[in-house]
$ cat my_file-v9.cif   # mmCIF, C-alpha atoms
data_upload
#
loop_
_atom_site.label_atom_id
_atom_site.label_comp_id
_atom_site.auth_asym_id
_atom_site.auth_seq_id
_atom_site.Cartn_x
_atom_site.Cartn_y
_atom_site.Cartn_z
CA MET A 20 -69.64 -105.25 -98.48
CA GLY A 21 -66.24 -104.61 -97.01
CA PHE A 22 -65.03 -103.12 -100.27
CA PHE A 23 -67.28 -100.13 -99.74
CA TRP A 24 -65.57 -99.55 -96.42
CA ILE A 25 -62.13 -100.00 -97.95
CA GLY A 26 -62.95 -97.45 -100.64
CA ALA A 27 -64.55 -95.04 -98.20
CA ARG A 28 -61.52 -94.65 -95.95
CA SER A 29 -58.67 -95.41 -98.30
CA PHE A 30 -56.84 -92.11 -98.19
CA GLY A 31 -53.50 -92.09 -99.97
CA GLY A 32 -53.67 -95.39 -101.83
CA VAL A 33 -55.91 -98.36 -101.25
CA MET A 34 -53.36 -101.14 -100.89
CA PRO A 35 -52.39 -100.59 -97.24
CA TRP A 36 -56.07 -100.26 -96.36
CA ALA A 37 -57.08 -103.35 -98.28
CA TYR A 38 -54.43 -105.35 -96.44
CA ARG A 39 -55.49 -103.97 -93.10
CA THR A 40 -59.22 -104.52 -93.63
CA MET A 41 -59.19 -107.92 -95.32
CA VAL A 42 -56.19 -109.59 -93.66
CA GLU A 43 -55.70 -107.96 -90.27
CA GLU A 44 -59.24 -106.99 -89.28
CA ARG A 45 -61.76 -109.25 -91.00
CA ARG A 46 -59.46 -112.20 -91.74
CA TRP A 47 -61.16 -112.92 -95.06
CA LEU A 48 -57.77 -113.82 -96.49
CA SER A 49 -54.43 -115.05 -95.21
CA HIS A 50 -51.27 -113.03 -95.74
CA ALA A 51 -50.12 -115.44 -98.46
CA ASP A 52 -53.54 -115.34 -100.15
CA PHE A 53 -53.49 -111.56 -100.18
CA THR A 54 -50.00 -111.44 -101.68
CA GLU A 55 -50.97 -113.93 -104.35
CA THR A 56 -54.27 -112.25 -105.24
CA ILE A 57 -52.64 -108.84 -105.42
CA GLY A 58 -49.86 -110.47 -107.39
CA LEU A 59 -52.32 -111.82 -109.94
CA CYS A 60 -54.06 -108.45 -110.11
CA GLN A 61 -50.75 -106.63 -110.42
CA PHE A 62 -49.73 -108.59 -113.47
CA LEU A 63 -53.17 -108.20 -115.04
CA PRO A 64 -53.70 -104.84 -116.66
CA GLY A 65 -55.89 -102.34 -114.85
CA PRO A 66 -56.15 -100.84 -111.40
CA ASN A 67 -54.87 -103.54 -109.04
CA ILE A 68 -57.38 -103.12 -106.30
CA GLY A 69 -60.19 -102.85 -108.84
CA ASN A 70 -59.11 -106.20 -110.25
CA ALA A 71 -58.89 -107.61 -106.73
CA SER A 72 -62.49 -106.55 -106.13
CA ILE A 73 -63.53 -108.36 -109.35
CA VAL A 74 -61.57 -111.51 -108.57
CA LEU A 75 -62.53 -111.76 -104.90
CA GLY A 76 -66.14 -110.73 -105.56
CA LYS A 77 -66.38 -113.47 -108.17
CA ARG A 78 -64.74 -116.05 -105.94
CA TRP A 79 -67.18 -115.37 -103.11
CA PHE A 80 -70.44 -114.36 -104.84
CA GLY A 81 -70.11 -114.73 -108.63
CA LEU A 82 -70.89 -111.99 -111.13
CA SER A 83 -73.07 -109.99 -108.76
CA GLY A 84 -70.25 -110.16 -106.20
CA SER A 85 -67.79 -108.72 -108.72
CA ILE A 86 -70.11 -105.89 -109.70
CA VAL A 87 -71.03 -105.00 -106.13
CA ALA A 88 -67.42 -105.14 -104.96
CA PHE A 89 -66.17 -103.02 -107.84
CA LEU A 90 -68.91 -100.38 -107.59
CA GLY A 91 -68.67 -100.41 -103.80
CA LEU A 92 -64.97 -99.78 -104.04
CA MET A 93 -65.34 -96.92 -106.52
CA ALA A 94 -68.60 -95.18 -105.57
CA LEU A 95 -67.72 -93.08 -102.56
CA PRO A 96 -64.14 -92.29 -103.58
CA PHE A 97 -65.45 -91.12 -106.97
CA ILE A 98 -67.77 -88.59 -105.32
CA TRP A 99 -65.10 -87.68 -102.78
CA VAL A 100 -62.36 -87.07 -105.30
CA LEU A 101 -64.53 -84.93 -107.60
CA GLY A 102 -65.81 -82.90 -104.64
CA LEU A 103 -62.33 -82.41 -103.29
CA PHE A 104 -61.07 -81.44 -106.71
CA ILE A 105 -63.77 -78.78 -107.10
CA VAL A 106 -62.90 -77.31 -103.71
CA TYR A 107 -59.19 -77.56 -104.42
CA SER A 108 -59.54 -75.88 -107.83
CA ASP A 109 -61.13 -72.90 -106.09
CA LEU A 110 -58.35 -72.67 -103.52
CA SER A 111 -55.39 -73.83 -105.57
CA SER A 112 -53.75 -70.40 -105.69
CA ASN A 113 -53.06 -70.81 -101.97
CA ALA A 114 -49.39 -71.88 -101.65
CA ALA A 115 -49.79 -73.22 -98.09
CA LEU A 116 -52.59 -75.54 -99.18
CA LYS A 117 -50.47 -76.74 -102.07
CA ALA A 118 -47.68 -77.61 -99.62
CA VAL A 119 -50.09 -79.57 -97.41
CA VAL A 120 -51.50 -81.52 -100.37
CA THR A 121 -47.99 -82.34 -101.59
CA GLY A 122 -46.98 -83.48 -98.10
CA VAL A 123 -49.99 -85.79 -97.91
CA GLY A 124 -49.05 -87.19 -101.33
CA ALA A 125 -45.49 -87.90 -100.19
CA ALA A 126 -46.78 -89.68 -97.07
CA GLY A 127 -49.10 -91.74 -99.29
CA ALA A 128 -46.07 -92.73 -101.36
CA GLY A 129 -44.37 -93.72 -98.09
CA LEU A 130 -47.27 -96.03 -97.26
CA PHE A 131 -46.67 -97.74 -100.63
CA ILE A 132 -43.05 -98.31 -99.63
CA GLY A 133 -44.17 -99.60 -96.24
CA THR A 134 -46.59 -102.04 -97.89
CA ALA A 135 -43.82 -103.30 -100.18
CA VAL A 136 -41.57 -103.94 -97.18
CA LYS A 137 -44.39 -105.70 -95.35
CA LEU A 138 -45.08 -108.01 -98.29
CA GLY A 139 -41.37 -108.44 -98.95
CA ARG A 140 -40.66 -109.75 -95.42
CA ALA A 141 -42.05 -113.13 -96.46
CA LEU A 142 -39.38 -113.30 -99.20
CA VAL A 143 -36.37 -112.19 -97.19
CA LYS A 144 -34.81 -115.66 -96.93
CA LYS A 145 -34.85 -116.22 -100.69
CA PRO A 146 -31.85 -114.63 -102.41
CA ALA A 147 -33.39 -115.07 -105.86
CA ALA A 148 -36.49 -113.14 -104.77
CA LEU A 149 -34.36 -110.32 -103.35
CA ALA A 150 -32.37 -110.17 -106.57
CA LEU A 151 -35.59 -109.94 -108.59
CA ILE A 152 -36.95 -107.18 -106.35
CA ALA A 153 -33.70 -105.25 -106.70
CA ALA A 154 -33.66 -105.72 -110.47
CA CYS A 155 -37.29 -104.57 -110.82
CA PHE A 156 -36.59 -101.55 -108.69
CA ALA A 157 -33.49 -100.57 -110.63
CA LEU A 158 -35.26 -100.88 -113.98
CA VAL A 159 -38.59 -99.27 -113.05
CA ALA A 160 -37.77 -96.63 -110.45
CA VAL A 161 -34.22 -95.69 -111.46
CA ALA A 162 -33.90 -96.37 -115.19
CA ARG A 163 -37.63 -95.74 -115.79
CA VAL A 164 -37.91 -98.59 -118.26
CA SER A 165 -41.49 -99.23 -119.40
CA LEU A 166 -43.40 -101.85 -117.47
CA LEU A 167 -44.38 -103.36 -120.80
CA MET A 168 -40.75 -104.51 -121.03
CA VAL A 169 -40.01 -105.19 -117.37
CA VAL A 170 -43.07 -107.22 -116.38
CA PRO A 171 -43.04 -109.89 -119.13
CA ILE A 172 -39.25 -110.37 -118.94
CA GLY A 173 -39.19 -110.26 -115.14
CA LEU A 174 -42.04 -112.75 -114.90
CA GLY A 175 -40.36 -115.05 -117.39
CA ILE A 176 -37.18 -115.10 -115.33
CA ALA A 177 -39.17 -115.46 -112.10
CA VAL A 178 -41.21 -118.41 -113.41
CA PHE A 179 -37.97 -120.09 -114.51
CA ALA A 180 -36.51 -119.49 -111.04
CA ALA A 181 -39.67 -120.82 -109.40
CA ARG A 182 -39.62 -123.99 -111.53
CA ARG A 183 -36.04 -124.53 -110.42
CA GLY A 184 -37.18 -124.21 -106.79
CA TRP A 185 -35.30 -120.98 -106.15
CA LEU A 186 -38.37 -119.04 -105.10
CA MET B 7 -65.45 -85.20 -130.02
CA SER B 8 -62.84 -85.03 -127.28
CA LEU B 9 -65.13 -87.19 -125.14
CA VAL B 10 -65.02 -90.05 -127.68
CA GLU B 11 -61.28 -89.69 -128.16
CA LEU B 12 -60.73 -89.65 -124.41
CA GLY B 13 -62.83 -92.79 -123.96
CA LEU B 14 -61.09 -94.72 -126.73
CA TYR B 15 -57.62 -93.73 -125.64
CA PHE B 16 -58.22 -94.55 -121.98
CA ALA B 17 -59.73 -97.92 -122.98
CA LEU B 18 -56.50 -98.61 -124.86
CA LEU B 19 -54.44 -97.55 -121.86
CA SER B 20 -56.55 -99.90 -119.74
CA LEU B 21 -55.26 -102.86 -121.76
CA VAL B 22 -51.61 -101.93 -121.29
CA SER B 23 -51.83 -100.76 -117.67
CA VAL B 24 -49.86 -103.72 -116.37
CA GLY B 25 -48.97 -102.95 -112.78
CA GLY B 26 -51.80 -100.48 -112.32
CA LEU B 27 -52.29 -96.81 -112.93
CA PRO B 28 -48.85 -95.47 -111.91
CA SER B 29 -47.27 -97.22 -114.90
CA VAL B 30 -49.52 -95.43 -117.41
CA MET B 31 -49.32 -91.98 -115.78
CA PRO B 32 -46.46 -90.80 -118.04
CA GLU B 33 -48.33 -91.93 -121.16
CA MET B 34 -51.53 -90.31 -119.91
CA GLN B 35 -49.72 -87.06 -119.39
CA ARG B 36 -48.07 -87.22 -122.79
CA PHE B 37 -51.47 -87.72 -124.45
CA VAL B 38 -53.69 -85.19 -122.65
CA VAL B 39 -51.03 -82.50 -122.17
CA ASP B 40 -48.47 -82.79 -124.98
CA VAL B 41 -50.46 -84.34 -127.81
CA LYS B 42 -53.96 -83.00 -127.24
CA GLY B 43 -53.29 -79.90 -125.16
CA TRP B 44 -56.49 -80.49 -123.18
CA LEU B 45 -54.69 -79.76 -119.90
CA THR B 46 -51.72 -77.62 -118.98
CA PRO B 47 -48.84 -79.36 -117.18
CA ALA B 48 -49.88 -77.48 -114.01
CA ASP B 49 -53.47 -78.78 -114.35
CA PHE B 50 -52.19 -82.30 -114.68
CA ILE B 51 -49.90 -82.14 -111.66
CA GLN B 52 -52.75 -80.68 -109.58
CA ALA B 53 -55.13 -83.45 -110.62
CA PHE B 54 -52.47 -86.00 -109.74
CA ALA B 55 -51.88 -84.47 -106.29
CA VAL B 56 -55.60 -84.34 -105.47
CA GLY B 57 -56.06 -87.91 -106.71
CA GLN B 58 -53.23 -88.99 -104.44
CA ALA B 59 -54.54 -87.09 -101.45
CA ALA B 60 -58.16 -88.16 -101.82
CA PRO B 61 -59.36 -91.55 -100.61
CA GLY B 62 -59.87 -94.35 -103.08
CA PRO B 63 -58.06 -96.19 -105.83
CA ASN B 64 -55.58 -93.92 -107.57
CA VAL B 65 -57.23 -94.83 -110.87
CA LEU B 66 -59.67 -92.05 -109.93
CA ILE B 67 -57.00 -89.65 -111.17
CA ALA B 68 -58.34 -90.66 -114.59
CA SER B 69 -61.75 -89.26 -113.65
CA LEU B 70 -60.18 -85.94 -112.62
CA ILE B 71 -58.47 -85.71 -115.99
CA GLY B 72 -61.78 -86.56 -117.68
CA TRP B 73 -63.47 -83.86 -115.62
CA LYS B 74 -60.90 -81.30 -116.74
CA VAL B 75 -61.39 -82.31 -120.39
CA ALA B 76 -65.19 -82.62 -120.62
CA GLY B 77 -66.86 -81.98 -117.28
CA LEU B 78 -68.93 -84.57 -115.44
CA PRO B 79 -69.57 -86.81 -118.51
CA GLY B 80 -65.80 -86.76 -119.06
CA ALA B 81 -65.23 -87.97 -115.50
CA PHE B 82 -67.59 -90.93 -115.99
CA VAL B 83 -66.26 -91.81 -119.44
CA ALA B 84 -62.61 -91.60 -118.37
CA LEU B 85 -63.10 -93.79 -115.31
CA GLY B 86 -65.33 -96.30 -117.09
CA SER B 87 -63.07 -96.72 -120.07
CA ILE B 88 -59.87 -97.11 -118.04
CA CYS B 89 -61.53 -99.77 -115.85
CA PHE B 90 -63.83 -101.81 -118.07
CA PRO B 91 -61.48 -103.64 -120.49
CA ALA B 92 -59.18 -104.57 -117.61
CA ALA B 93 -62.14 -105.69 -115.49
CA VAL B 94 -63.30 -108.04 -118.25
CA ILE B 95 -59.81 -109.58 -118.49
CA ALA B 96 -59.66 -109.97 -114.69
CA TRP B 97 -63.04 -111.70 -114.75
CA TRP B 98 -61.91 -114.32 -117.31
CA VAL B 99 -58.47 -114.90 -115.89
CA ALA B 100 -59.88 -115.43 -112.40
CA GLU B 101 -61.79 -118.43 -113.75
CA LEU B 102 -58.76 -119.93 -115.48
CA TRP B 103 -56.74 -119.27 -112.36
CA ASP B 104 -59.12 -121.35 -110.26
CA ARG B 105 -59.34 -124.14 -112.83
CA PHE B 106 -55.57 -124.68 -112.80
CA LYS B 107 -55.37 -124.67 -109.03
CA ASP B 108 -53.26 -127.84 -108.84
CA SER B 109 -51.12 -127.26 -111.89
CA PRO B 110 -47.40 -126.96 -111.04
CA TRP B 111 -47.26 -124.10 -113.54
CA ARG B 112 -49.80 -122.12 -111.60
CA LYS B 113 -47.83 -122.67 -108.40
CA ALA B 114 -44.65 -121.56 -110.14
CA ILE B 115 -46.36 -118.46 -111.53
CA GLN B 116 -47.76 -117.61 -108.11
CA ARG B 117 -44.38 -117.87 -106.44
CA ALA B 118 -42.83 -115.96 -109.32
CA ILE B 119 -45.24 -113.06 -109.11
CA ALA B 120 -44.63 -112.16 -105.47
CA PRO B 121 -41.13 -110.65 -105.83
CA ILE B 122 -42.13 -108.81 -109.01
CA VAL B 123 -45.08 -107.26 -107.15
CA VAL B 124 -42.91 -106.16 -104.25
CA GLY B 125 -40.47 -104.58 -106.69
CA MET B 126 -43.31 -102.74 -108.47
CA ILE B 127 -45.01 -101.43 -105.33
CA LEU B 128 -41.64 -100.29 -104.00
CA SER B 129 -40.88 -98.54 -107.29
CA GLY B 130 -44.34 -96.95 -107.30
CA GLY B 131 -43.76 -95.46 -103.85
CA VAL B 132 -40.35 -94.08 -104.76
CA VAL B 133 -41.51 -92.71 -108.11
CA LEU B 134 -44.53 -91.04 -106.48
CA ALA B 135 -42.28 -89.45 -103.86
CA THR B 136 -40.14 -88.01 -106.69
CA PRO B 137 -42.62 -86.07 -108.86
CA GLY B 138 -39.99 -83.72 -110.28
CA ALA B 139 -36.36 -83.21 -109.34
CA PRO B 140 -35.37 -85.30 -106.30
CA ASP B 141 -36.44 -83.43 -103.17
CA TRP B 142 -35.08 -84.60 -99.78
CA ARG B 143 -38.12 -83.11 -98.02
CA LEU B 144 -40.55 -85.35 -99.91
CA TRP B 145 -38.28 -88.37 -99.36
CA LEU B 146 -38.10 -87.55 -95.65
CA ILE B 147 -41.91 -87.44 -95.38
CA ALA B 148 -42.27 -90.67 -97.38
CA GLY B 149 -39.56 -92.40 -95.34
CA LEU B 150 -41.15 -91.37 -92.04
CA ALA B 151 -44.58 -92.56 -93.21
CA ALA B 152 -43.13 -95.92 -94.32
CA ALA B 153 -41.20 -96.35 -91.05
CA GLY B 154 -44.24 -95.33 -89.01
CA MET B 155 -46.47 -97.77 -90.81
CA LEU B 156 -44.02 -100.64 -90.23
CA ALA B 157 -43.25 -99.79 -86.61
CA THR B 158 -46.80 -99.21 -85.38
CA LYS B 159 -50.35 -100.43 -85.90
CA LEU B 160 -51.67 -96.87 -86.09
CA ASN B 161 -54.37 -95.96 -88.59
CA PRO B 162 -52.56 -94.86 -91.79
CA LEU B 163 -54.59 -91.64 -91.77
CA TRP B 164 -52.34 -90.39 -88.95
CA PHE B 165 -49.30 -90.67 -91.20
CA LEU B 166 -51.07 -88.86 -94.04
CA GLY B 167 -52.11 -86.10 -91.64
CA ALA B 168 -48.56 -85.85 -90.35
CA GLY B 169 -47.37 -85.71 -93.95
CA GLY B 170 -49.69 -82.74 -94.55
CA VAL B 171 -48.36 -80.94 -91.47
CA LEU B 172 -44.74 -81.63 -92.46
CA GLY B 173 -45.55 -80.44 -95.98
CA ALA B 174 -46.90 -77.17 -94.59
CA LEU B 175 -43.77 -76.71 -92.46
CA LEU B 176 -41.11 -77.81 -94.94
CA LEU B 177 -42.32 -77.11 -98.47
#

$ encode --input "my_file-v9.cif" --output "structure tokens"
Amino acid sequence: MGFFWIGARSFGGVMPWAYRTMVEERRWLSHADFTETIGLCQFLPGPNIGNASIVLGKRWFGLSGSIVAFLGLMALPFIWVLGLFIVYSDLSSNAALKAVVTGVGAAGAGLFIGTAVKLGRALVKKPAALALIAACFALVAVARVSLLMVVPIGLGIAVFAARRGWL
Amino acid sequence: MSLVELGLYFALLSLVSVGGLPSVMPEMQRFVVDVKGWLTPADFIQAFAVGQAAPGPNVLIASLIGWKVAGLPGAFVALGSICFPAAVIAWWVAELWDRFKDSPWRKAIQRAIAPIVVGMILSGGVVLATPGAPDWRLWLIAGLAAAGMLATKLNPLWFLGAGGVLGALLL
């Protein structure tokens, strides 16, 4: 299963890797399909890529597909992250190592931003979509309003806009 | 006892984790650090950094917190309970989603979700790059990684490696 491979090499956040593996390399999904599936999984509670593994596993192979995809996604990273954490706990007094780990984390955050821009390119010609992106960003990243408020209200407005043909 | 409490609380968080793990990180920290005192703030930040740096879904940060609270069983319980309720919901909704394939409402919802997702992922990246007070060095690393990813087809691991090197030099 490809999800095992996604999990195995997904340093710094799975989303860019999932896109690369499933859309660019294996062509299991189109760009629009990926955006929509991730979109569904983003508005469902839970880890997005975990939900994607459930949804896509079910679509392709039923219950066993969901279970295999989910466990495949989690298995190796789980062992990896615990092992790394044990090693890191031993060495965590080392300031240089701390700086390296923080730098890697910041680069991982950058890959998130890059993924958002990549997905957002498809929406660039729709002013209503850009306004929604800007509003979400202002509320979540700047004002730090809870997602429990932002997501239902934002989705309500977005569905209204979509029904009007603005999106 | 803390194992049961951890499991129940994380299962609850699972149900409200709309938008994925980053959105529940502040609540997780409030619970395990401020309310329960299972971890020190330094412990928590370390677990977060390692979870970010390690491969895999960032929900694995939950297993690191579980590990800190109750060892290996804690790691399994924390990860299982943060994933399972959400996985069950995803399973059921996927079916409904397919059944209403041709409904205009489904099409509207699909189109509506895309910009919200982009806004959330963008926010996640910026929030992750700003763990404490704004730091131009972290923003520089994040900006370079984002630009590099968009400008090239290089394996993202190169950008993470470069981020580590820049971190060693700048931080």

$ closest_residue --input "my_file-v9.cif" --among "B:Trp97, B:Phe37, B:Trp142, B:Trp164" --to "chain A" --atoms "only C-alpha atoms"
B:Trp97

$ closest_residue --input "my_file-v9.cif" --among "A:Val159, A:Leu92, A:Ala141, A:Ile98" --to "B:Ala120" --atoms "only C-alpha atoms"
A:Ala141

$ closest_residue --input "my_file-v9.cif" --among "A:Val161, A:Ile152, A:Ala37, A:Leu174" --to "A:Asn67" --atoms "all atoms listed in the file"
A:Ala37

$ closest_residue --input "my_file-v9.cif" --among "A:Gly91, A:Gly65, A:Gly76, A:Gly133" --to "B:Ala100" --atoms "all atoms listed in the file"
A:Gly76

$ atom_distance --input "my_file-v9.cif" --atom1 "atom CA of A:Thr40" --atom2 "atom CA of B:Pro162"
11.9 Å

$ closest_residue --input "my_file-v9.cif" --among "B:Leu9, B:Ala148, B:Ile122, B:Phe165" --to "A:Ile172" --atoms "all atoms listed in the file"
B:Ile122
